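Structure file entry_23.cif with mmCIF, N, CA and C atoms:
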```
data_work
#
loop_
_atom_site.label_atom_id
_atom_site.label_comp_id
_atom_site.auth_asym_id
_atom_site.auth_seq_id
_atom_site.Cartn_x
_atom_site.Cartn_y
_atom_site.Cartn_z
N MET A 1 6.59 -137.53 52.46
CA MET A 1 6.13 -136.81 53.63
C MET A 1 6.23 -137.72 54.84
N ASP A 2 6.98 -137.34 55.82
CA ASP A 2 7.06 -138.10 57.06
C ASP A 2 5.83 -137.80 57.89
N MET A 3 5.27 -138.85 58.46
CA MET A 3 4.07 -138.68 59.27
C MET A 3 4.35 -138.84 60.72
N SER A 4 5.26 -139.74 61.05
CA SER A 4 5.51 -140.01 62.46
C SER A 4 6.89 -140.61 62.62
N ASP A 5 7.75 -139.88 63.29
CA ASP A 5 9.04 -140.45 63.66
C ASP A 5 9.04 -140.80 65.13
N GLY A 6 7.88 -140.65 65.78
CA GLY A 6 7.79 -140.86 67.21
C GLY A 6 7.67 -142.31 67.62
N GLY A 7 7.38 -143.20 66.69
CA GLY A 7 7.24 -144.61 67.02
C GLY A 7 8.58 -145.25 67.29
N GLN A 8 8.54 -146.50 67.69
CA GLN A 8 9.75 -147.24 67.99
C GLN A 8 10.45 -147.69 66.71
N LYS A 9 11.74 -147.75 66.77
CA LYS A 9 12.54 -148.28 65.66
C LYS A 9 12.65 -149.79 65.82
N LEU A 10 12.92 -150.46 64.72
CA LEU A 10 13.08 -151.91 64.72
C LEU A 10 14.26 -152.30 65.61
N ASP A 11 14.03 -153.28 66.50
CA ASP A 11 15.10 -153.76 67.36
C ASP A 11 16.25 -154.32 66.51
N PRO A 12 17.50 -154.06 66.91
CA PRO A 12 18.65 -154.50 66.13
C PRO A 12 18.66 -156.00 65.81
N GLU A 13 18.11 -156.83 66.70
CA GLU A 13 18.13 -158.27 66.44
C GLU A 13 17.36 -158.65 65.19
N TRP A 14 16.42 -157.81 64.75
CA TRP A 14 15.61 -158.13 63.56
C TRP A 14 16.16 -157.49 62.30
N VAL A 15 17.05 -156.51 62.45
CA VAL A 15 17.60 -155.81 61.28
C VAL A 15 18.32 -156.77 60.35
N GLU A 16 19.05 -157.72 60.90
CA GLU A 16 19.86 -158.63 60.09
C GLU A 16 19.09 -159.84 59.56
N VAL A 17 17.86 -160.03 60.01
CA VAL A 17 17.09 -161.21 59.61
C VAL A 17 16.77 -161.20 58.13
N GLY A 18 16.51 -160.05 57.57
CA GLY A 18 16.07 -159.97 56.18
C GLY A 18 14.57 -160.21 56.10
N ASN A 19 14.01 -159.96 54.94
CA ASN A 19 12.57 -160.09 54.79
C ASN A 19 12.10 -161.50 55.11
N ASN A 20 11.10 -161.59 56.00
CA ASN A 20 10.54 -162.89 56.33
C ASN A 20 9.01 -162.86 56.32
N VAL A 21 8.44 -161.72 55.95
CA VAL A 21 6.98 -161.63 55.89
C VAL A 21 6.60 -160.89 54.60
N CYS A 22 5.55 -161.38 53.97
CA CYS A 22 5.00 -160.67 52.82
C CYS A 22 3.50 -160.87 52.82
N GLY A 23 2.83 -160.01 52.11
CA GLY A 23 1.38 -160.12 52.07
C GLY A 23 0.78 -159.10 51.12
N VAL A 24 -0.54 -159.13 51.06
CA VAL A 24 -1.30 -158.22 50.22
C VAL A 24 -2.43 -157.64 51.06
N LEU A 25 -2.60 -156.33 50.96
CA LEU A 25 -3.73 -155.64 51.56
C LEU A 25 -4.71 -155.38 50.43
N ARG A 26 -5.83 -156.09 50.43
CA ARG A 26 -6.78 -156.01 49.33
C ARG A 26 -7.71 -154.81 49.47
N GLY A 27 -7.95 -154.15 48.33
CA GLY A 27 -8.88 -153.03 48.32
C GLY A 27 -8.29 -151.75 48.88
N CYS A 28 -6.98 -151.68 48.96
CA CYS A 28 -6.28 -150.49 49.48
C CYS A 28 -5.51 -149.85 48.34
N ARG A 29 -5.94 -148.69 47.89
CA ARG A 29 -5.24 -148.04 46.79
C ARG A 29 -4.34 -146.92 47.26
N ASP A 30 -4.31 -146.67 48.55
CA ASP A 30 -3.57 -145.52 49.06
C ASP A 30 -2.65 -145.94 50.20
N ALA A 31 -1.38 -146.12 49.88
CA ALA A 31 -0.40 -146.51 50.90
C ALA A 31 -0.29 -145.44 51.98
N PHE A 32 -0.46 -144.18 51.61
CA PHE A 32 -0.40 -143.09 52.58
C PHE A 32 -1.47 -143.26 53.65
N ALA A 33 -2.70 -143.56 53.24
CA ALA A 33 -3.79 -143.74 54.20
C ALA A 33 -3.53 -144.92 55.13
N VAL A 34 -3.01 -146.01 54.59
CA VAL A 34 -2.70 -147.18 55.42
C VAL A 34 -1.57 -146.85 56.39
N ALA A 35 -0.54 -146.14 55.90
CA ALA A 35 0.56 -145.74 56.77
C ALA A 35 0.07 -144.84 57.89
N GLN A 36 -0.90 -143.97 57.61
CA GLN A 36 -1.49 -143.12 58.64
C GLN A 36 -2.15 -143.97 59.73
N HIS A 37 -2.83 -145.03 59.33
CA HIS A 37 -3.45 -145.93 60.32
C HIS A 37 -2.39 -146.52 61.24
N PHE A 38 -1.29 -146.97 60.67
CA PHE A 38 -0.21 -147.53 61.48
C PHE A 38 0.35 -146.46 62.43
N ALA A 39 0.55 -145.24 61.91
CA ALA A 39 1.10 -144.16 62.74
C ALA A 39 0.18 -143.87 63.93
N ARG A 40 -1.12 -143.87 63.69
CA ARG A 40 -2.07 -143.63 64.79
C ARG A 40 -2.04 -144.76 65.81
N ALA A 41 -1.58 -145.94 65.38
CA ALA A 41 -1.48 -147.09 66.30
C ALA A 41 -0.12 -147.13 67.01
N GLY A 42 0.70 -146.08 66.83
CA GLY A 42 1.96 -145.99 67.55
C GLY A 42 3.20 -146.42 66.78
N TRP A 43 3.04 -146.77 65.51
CA TRP A 43 4.18 -147.14 64.67
C TRP A 43 4.81 -145.87 64.10
N SER A 44 6.09 -145.92 63.77
CA SER A 44 6.69 -144.82 63.02
C SER A 44 6.37 -145.06 61.54
N SER A 45 6.30 -144.00 60.78
CA SER A 45 5.93 -144.10 59.37
C SER A 45 6.66 -143.03 58.59
N ARG A 46 7.15 -143.41 57.41
CA ARG A 46 7.83 -142.44 56.55
C ARG A 46 7.67 -142.85 55.09
N SER A 47 7.74 -141.85 54.24
CA SER A 47 7.70 -142.09 52.80
C SER A 47 8.98 -142.81 52.39
N SER A 48 8.86 -143.79 51.51
CA SER A 48 10.03 -144.52 51.05
C SER A 48 10.21 -144.46 49.53
N SER A 49 9.18 -143.97 48.84
CA SER A 49 9.25 -143.81 47.38
C SER A 49 8.10 -142.88 46.99
N TRP A 50 7.90 -142.71 45.70
CA TRP A 50 6.81 -141.82 45.26
C TRP A 50 5.46 -142.24 45.82
N HIS A 51 5.23 -143.56 45.89
CA HIS A 51 3.92 -144.04 46.32
C HIS A 51 4.02 -145.04 47.46
N GLY A 52 5.20 -145.25 47.99
CA GLY A 52 5.40 -146.27 49.02
C GLY A 52 5.71 -145.65 50.38
N TYR A 53 5.43 -146.43 51.40
CA TYR A 53 5.68 -146.01 52.79
C TYR A 53 6.29 -147.16 53.56
N GLU A 54 7.11 -146.80 54.53
CA GLU A 54 7.67 -147.78 55.45
C GLU A 54 7.09 -147.49 56.82
N VAL A 55 6.63 -148.55 57.49
CA VAL A 55 6.11 -148.43 58.84
C VAL A 55 6.89 -149.40 59.72
N GLU A 56 7.14 -149.00 60.97
CA GLU A 56 7.90 -149.90 61.84
C GLU A 56 7.58 -149.65 63.30
N ILE A 57 7.87 -150.70 64.04
CA ILE A 57 7.76 -150.72 65.49
C ILE A 57 8.90 -151.64 65.94
N SER A 58 9.13 -151.80 67.21
CA SER A 58 10.30 -152.55 67.67
C SER A 58 10.37 -153.98 67.14
N TRP A 59 9.23 -154.59 66.82
CA TRP A 59 9.21 -156.00 66.43
C TRP A 59 8.85 -156.23 64.96
N CYS A 60 8.69 -155.16 64.19
CA CYS A 60 8.27 -155.33 62.79
C CYS A 60 8.61 -154.09 61.97
N GLN A 61 9.03 -154.30 60.73
CA GLN A 61 9.26 -153.22 59.78
C GLN A 61 8.67 -153.66 58.44
N LEU A 62 7.78 -152.83 57.88
CA LEU A 62 7.08 -153.19 56.65
C LEU A 62 7.19 -152.09 55.61
N GLU A 63 7.27 -152.51 54.37
CA GLU A 63 7.20 -151.62 53.23
C GLU A 63 5.82 -151.80 52.61
N LEU A 64 5.13 -150.70 52.32
CA LEU A 64 3.80 -150.72 51.71
C LEU A 64 3.91 -150.09 50.32
N ASP A 65 3.61 -150.86 49.27
CA ASP A 65 3.72 -150.38 47.90
C ASP A 65 2.48 -150.76 47.10
N LEU A 66 2.00 -149.85 46.27
CA LEU A 66 0.86 -150.10 45.40
C LEU A 66 1.25 -151.11 44.33
N ILE A 67 0.38 -152.10 44.11
CA ILE A 67 0.56 -153.05 43.01
C ILE A 67 -0.66 -152.93 42.11
N ALA A 68 -0.78 -153.78 41.15
CA ALA A 68 -1.86 -153.72 40.17
C ALA A 68 -3.23 -153.63 40.83
N GLY A 69 -4.11 -152.90 40.19
CA GLY A 69 -5.48 -152.80 40.69
C GLY A 69 -5.56 -151.94 41.94
N SER A 70 -6.21 -152.46 42.93
CA SER A 70 -6.42 -151.68 44.16
C SER A 70 -5.84 -152.39 45.37
N ASP A 71 -4.68 -152.98 45.20
CA ASP A 71 -4.06 -153.72 46.29
C ASP A 71 -2.70 -153.12 46.64
N LEU A 72 -2.30 -153.32 47.90
CA LEU A 72 -0.97 -152.92 48.34
C LEU A 72 -0.17 -154.16 48.67
N LEU A 73 1.07 -154.16 48.24
CA LEU A 73 2.01 -155.20 48.61
C LEU A 73 2.64 -154.81 49.94
N LEU A 74 2.75 -155.76 50.82
CA LEU A 74 3.35 -155.55 52.13
C LEU A 74 4.50 -156.54 52.24
N ASN A 75 5.69 -156.07 52.58
CA ASN A 75 6.79 -157.00 52.81
C ASN A 75 7.77 -156.39 53.79
N GLY A 76 8.49 -157.25 54.49
CA GLY A 76 9.44 -156.76 55.45
C GLY A 76 9.87 -157.85 56.42
N VAL A 77 10.12 -157.43 57.66
CA VAL A 77 10.60 -158.35 58.68
C VAL A 77 9.70 -158.24 59.91
N VAL A 78 9.43 -159.40 60.51
CA VAL A 78 8.63 -159.45 61.73
C VAL A 78 9.25 -160.47 62.67
N ASP A 79 9.17 -160.20 63.95
CA ASP A 79 9.53 -161.19 64.96
C ASP A 79 8.57 -162.36 64.75
N PRO A 80 9.04 -163.56 64.41
CA PRO A 80 8.13 -164.68 64.13
C PRO A 80 7.17 -164.98 65.28
N GLN A 81 7.59 -164.69 66.51
CA GLN A 81 6.71 -164.93 67.66
C GLN A 81 5.54 -163.94 67.69
N ARG A 82 5.62 -162.88 66.90
CA ARG A 82 4.58 -161.84 66.89
C ARG A 82 3.84 -161.77 65.56
N PHE A 83 3.99 -162.80 64.74
CA PHE A 83 3.33 -162.85 63.44
C PHE A 83 1.82 -162.71 63.58
N SER A 84 1.23 -163.44 64.52
CA SER A 84 -0.22 -163.34 64.74
C SER A 84 -0.62 -161.95 65.22
N GLU A 85 0.26 -161.33 65.99
CA GLU A 85 -0.01 -159.97 66.47
C GLU A 85 -0.08 -158.99 65.30
N LEU A 86 0.79 -159.19 64.31
CA LEU A 86 0.73 -158.36 63.10
C LEU A 86 -0.63 -158.52 62.43
N GLY A 87 -1.10 -159.75 62.34
CA GLY A 87 -2.44 -159.97 61.78
C GLY A 87 -3.50 -159.24 62.58
N GLY A 88 -3.36 -159.24 63.90
CA GLY A 88 -4.31 -158.53 64.75
C GLY A 88 -4.30 -157.03 64.50
N VAL A 89 -3.11 -156.47 64.28
CA VAL A 89 -3.01 -155.04 63.96
C VAL A 89 -3.77 -154.75 62.68
N LEU A 90 -3.56 -155.57 61.66
CA LEU A 90 -4.24 -155.36 60.37
C LEU A 90 -5.75 -155.49 60.52
N GLU A 91 -6.19 -156.45 61.33
CA GLU A 91 -7.63 -156.61 61.57
C GLU A 91 -8.20 -155.40 62.28
N ARG A 92 -7.50 -154.89 63.31
CA ARG A 92 -7.99 -153.71 64.03
C ARG A 92 -8.05 -152.49 63.12
N LEU A 93 -7.20 -152.46 62.10
CA LEU A 93 -7.23 -151.37 61.13
C LEU A 93 -8.33 -151.56 60.10
N GLY A 94 -9.04 -152.68 60.18
CA GLY A 94 -10.15 -152.95 59.27
C GLY A 94 -9.73 -153.34 57.88
N LEU A 95 -8.54 -153.92 57.75
CA LEU A 95 -8.00 -154.26 56.43
C LEU A 95 -8.25 -155.73 56.08
N ASN A 96 -8.55 -155.98 54.80
CA ASN A 96 -8.60 -157.34 54.27
C ASN A 96 -7.19 -157.66 53.81
N TYR A 97 -6.67 -158.80 54.24
CA TYR A 97 -5.27 -159.07 53.97
C TYR A 97 -4.98 -160.57 53.88
N SER A 98 -3.82 -160.85 53.34
CA SER A 98 -3.21 -162.18 53.45
C SER A 98 -1.76 -161.93 53.82
N LEU A 99 -1.24 -162.78 54.72
CA LEU A 99 0.14 -162.67 55.18
C LEU A 99 0.80 -164.03 55.11
N GLU A 100 2.08 -164.03 54.78
CA GLU A 100 2.87 -165.26 54.80
C GLU A 100 4.15 -165.01 55.57
N LEU A 101 4.53 -165.97 56.41
CA LEU A 101 5.76 -165.91 57.18
C LEU A 101 6.71 -166.97 56.65
N TYR A 102 7.97 -166.58 56.44
CA TYR A 102 8.98 -167.48 55.90
C TYR A 102 10.11 -167.66 56.91
N ASP A 103 10.75 -168.84 56.86
CA ASP A 103 11.90 -169.08 57.73
C ASP A 103 13.17 -168.69 56.98
N GLY A 104 14.32 -168.93 57.58
CA GLY A 104 15.60 -168.54 57.00
C GLY A 104 15.93 -169.21 55.69
N ASP A 105 15.25 -170.33 55.37
CA ASP A 105 15.48 -171.03 54.11
C ASP A 105 14.45 -170.65 53.05
N ASP A 106 13.71 -169.57 53.30
CA ASP A 106 12.65 -169.10 52.39
C ASP A 106 11.54 -170.12 52.21
N THR A 107 11.28 -170.90 53.26
CA THR A 107 10.16 -171.84 53.27
C THR A 107 9.00 -171.21 54.03
N ARG A 108 7.82 -171.21 53.40
CA ARG A 108 6.65 -170.65 54.09
C ARG A 108 6.31 -171.52 55.29
N VAL A 109 6.21 -170.91 56.45
CA VAL A 109 5.93 -171.66 57.67
C VAL A 109 4.56 -171.33 58.27
N ARG A 110 4.00 -170.18 57.94
CA ARG A 110 2.67 -169.79 58.43
C ARG A 110 1.99 -168.91 57.42
N GLU A 111 0.67 -168.91 57.47
CA GLU A 111 -0.11 -168.07 56.56
C GLU A 111 -1.40 -167.66 57.28
N ILE A 112 -1.80 -166.42 57.06
CA ILE A 112 -3.07 -165.91 57.58
C ILE A 112 -3.79 -165.25 56.42
N GLN A 113 -5.08 -165.56 56.25
CA GLN A 113 -5.90 -164.88 55.23
C GLN A 113 -7.19 -164.42 55.88
N VAL A 114 -7.51 -163.15 55.63
CA VAL A 114 -8.76 -162.58 56.15
C VAL A 114 -9.48 -161.90 55.00
#
```
Output the structure of this file as structure tokens.
Amino acid sequence: MDMSDGGQKLDPEWVEVGNNVCGVLRGCRDAFAVAQHFARAGWSSRSSSWHGYEVEISWCQLELDLIAGSDLLLNGVVDPQRFSELGGVLERLGLNYSLELYDGDDTRVREIQV
């Protein structure tokens, strides 16, 4: 079910970067509900699998998938200069999370845990 195609699409400069961010949203068993939060914040959101959703804005594109227990896996691409802003979005949504940012050599360069 598509919820919002009205948000911004990922800027072309980030499309080729490949995944550079991953994380876990703790205590979230419903990717649909989390995707709705992103859509209300101006992101585009669409179903990507039976239980997964993709959310994006010009500087970030994320896949949200249920993993074991009551957690969601988050992975995708983010403008490294806006990594902290992504954390702020998750905080404003009231989510408990951990995020990791990787460089082009798959070396972790930053981490945020809340």
*Residue nearest Gly42 in chain A among A:Gln8, A:Gln113, A:Val24, A:Leu66 (counting all atoms listed in the file)*: A:Gln8
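CA of Asp65 in chain A to CA of His51 in chain A spans 6.5 Å [interatomic distance, one decimal].
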_I need the residue nearest Val77 in chain A from this list: A:Arg92, A:Val34, A:Asn20, A:Pro12. Use all atoms listed in the file for the distance._
A:Asn20
*To one decimal in Å, tell me the separation between atom N of Arg29 in chain A and atom N of Ser70 in chain A.*
6.2 Å
*Using the chain letters and numbers from the file, which residues does the PyMOL selection byres ((chain A and resi 112) around 6) grab, as a PyMOL selection string?*
chain A and resi 97-100+110-111+113-114
*How would you write, as number ranges by chain, the residues chosen by the PyMOL selection byres ((chain A and resi 54) around 8) on this structure?*
A: 31, 35, 43-49, 51-53, 55-57, 61-65
_If you run DSSP on the backbone here, which positions in chain A get strand (DSSP E or B)? Please write them as a ChimeraX atom specification._
/A:4,8,21-26,43-47,53-57,60-66,72-78,96-102,108-113
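If you look at CA of Val89 in chain A and CA of Tyr102 in chain A, they are 19.1 Å away from each other.
Closest approach to Leu74 in chain A among A:Ala41, A:Val17, A:Cys22, A:Cys28 is made by A:Cys22 (distances from only N, CA and C atoms).
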*Taking the backbone alone, and naming residues the way the document does, which bits of range 11-104 of chain A are helix (DSSP H, G or I) by DSSP, as a PyMOL selection string?*
chain A and resi 12-15+31-40+80-92
*When distances are computed from only C-alpha atoms, which of A:Ile67, A:Ser58, A:Lys9, A:Asp105 shows the smallest separation from Gly23 in chain A?*
A:Ile67
*Using all atoms listed in the file, determine which residues lie at most 8 Å from Asp103 in chain A, disregarding the query and same-chain residues fewer than 4 positions distant; provide the list as a ChimeraX atom specification.*
/A:19-21,107-110
Emit as lines of an AutoDock Vina configuration file the padded axis-aligned box for all listed atoms of range 87-105 of chain A, 5 Å per side, with centre and edge lengths in Å to one decimal.
```
center_x = 2.9
center_y = -161.2
center_z = 58.9
size_x = 36.1
size_y = 29.7
size_z = 21.7
```
Can you complete the atoms of range 55-74 of chain A to N, CA, C and O atoms and list them as a CSV table (one decimal), in the coordinates of the input?
```csv
chain,number,residue,atom,x,y,z
A,55,VAL,N,6.6,-148.6,57.5
A,55,VAL,CA,6.1,-148.4,58.8
A,55,VAL,C,6.9,-149.4,59.7
A,55,VAL,O,7.3,-150.5,59.3
A,56,GLU,N,7.1,-149.0,61.0
A,56,GLU,CA,7.9,-149.9,61.8
A,56,GLU,C,7.6,-149.6,63.3
A,56,GLU,O,7.1,-148.6,63.7
A,57,ILE,N,7.9,-150.7,64.0
A,57,ILE,CA,7.8,-150.7,65.5
A,57,ILE,C,8.9,-151.6,65.9
A,57,ILE,O,9.6,-152.2,65.1
A,58,SER,N,9.1,-151.8,67.2
A,58,SER,CA,10.3,-152.6,67.7
A,58,SER,C,10.4,-154.0,67.1
A,58,SER,O,11.5,-154.5,67.0
A,59,TRP,N,9.2,-154.6,66.8
A,59,TRP,CA,9.2,-156.0,66.4
A,59,TRP,C,8.8,-156.2,65.0
A,59,TRP,O,8.7,-157.4,64.5
A,60,CYS,N,8.7,-155.2,64.2
A,60,CYS,CA,8.3,-155.3,62.8
A,60,CYS,C,8.6,-154.1,62.0
A,60,CYS,O,8.5,-153.0,62.5
A,61,GLN,N,9.0,-154.3,60.7
A,61,GLN,CA,9.3,-153.2,59.8
A,61,GLN,C,8.7,-153.7,58.4
A,61,GLN,O,9.0,-154.7,57.9
A,62,LEU,N,7.8,-152.8,57.9
A,62,LEU,CA,7.1,-153.2,56.6
A,62,LEU,C,7.2,-152.1,55.6
A,62,LEU,O,7.1,-150.9,55.9
A,63,GLU,N,7.3,-152.5,54.4
A,63,GLU,CA,7.2,-151.6,53.2
A,63,GLU,C,5.8,-151.8,52.6
A,63,GLU,O,5.4,-152.9,52.4
A,64,LEU,N,5.1,-150.7,52.3
A,64,LEU,CA,3.8,-150.7,51.7
A,64,LEU,C,3.9,-150.1,50.3
A,64,LEU,O,4.3,-148.9,50.2
A,65,ASP,N,3.6,-150.9,49.3
A,65,ASP,CA,3.7,-150.4,47.9
A,65,ASP,C,2.5,-150.8,47.1
A,65,ASP,O,2.0,-151.9,47.2
A,66,LEU,N,2.0,-149.8,46.3
A,66,LEU,CA,0.9,-150.1,45.4
A,66,LEU,C,1.2,-151.1,44.3
A,66,LEU,O,2.3,-151.0,43.7
A,67,ILE,N,0.4,-152.1,44.1
A,67,ILE,CA,0.6,-153.0,43.0
A,67,ILE,C,-0.7,-152.9,42.1
A,67,ILE,O,-1.5,-152.1,42.3
A,68,ALA,N,-0.8,-153.8,41.2
A,68,ALA,CA,-1.9,-153.7,40.2
A,68,ALA,C,-3.2,-153.6,40.8
A,68,ALA,O,-3.5,-154.2,41.9
A,69,GLY,N,-4.1,-152.9,40.2
A,69,GLY,CA,-5.5,-152.8,40.7
A,69,GLY,C,-5.6,-151.9,41.9
A,69,GLY,O,-5.0,-150.9,42.0
A,70,SER,N,-6.2,-152.5,42.9
A,70,SER,CA,-6.4,-151.7,44.2
A,70,SER,C,-5.8,-152.4,45.4
A,70,SER,O,-6.4,-152.4,46.4
A,71,ASP,N,-4.7,-153.0,45.2
A,71,ASP,CA,-4.1,-153.7,46.3
A,71,ASP,C,-2.7,-153.1,46.6
A,71,ASP,O,-2.0,-152.5,45.8
A,72,LEU,N,-2.3,-153.3,47.9
A,72,LEU,CA,-1.0,-152.9,48.3
A,72,LEU,C,-0.2,-154.2,48.7
A,72,LEU,O,-0.7,-155.1,49.3
A,73,LEU,N,1.1,-154.2,48.2
A,73,LEU,CA,2.0,-155.2,48.6
A,73,LEU,C,2.6,-154.8,49.9
A,73,LEU,O,3.0,-153.6,50.1
A,74,LEU,N,2.8,-155.8,50.8
A,74,LEU,CA,3.4,-155.6,52.1
A,74,LEU,C,4.5,-156.5,52.2
A,74,LEU,O,4.3,-157.7,52.0
```
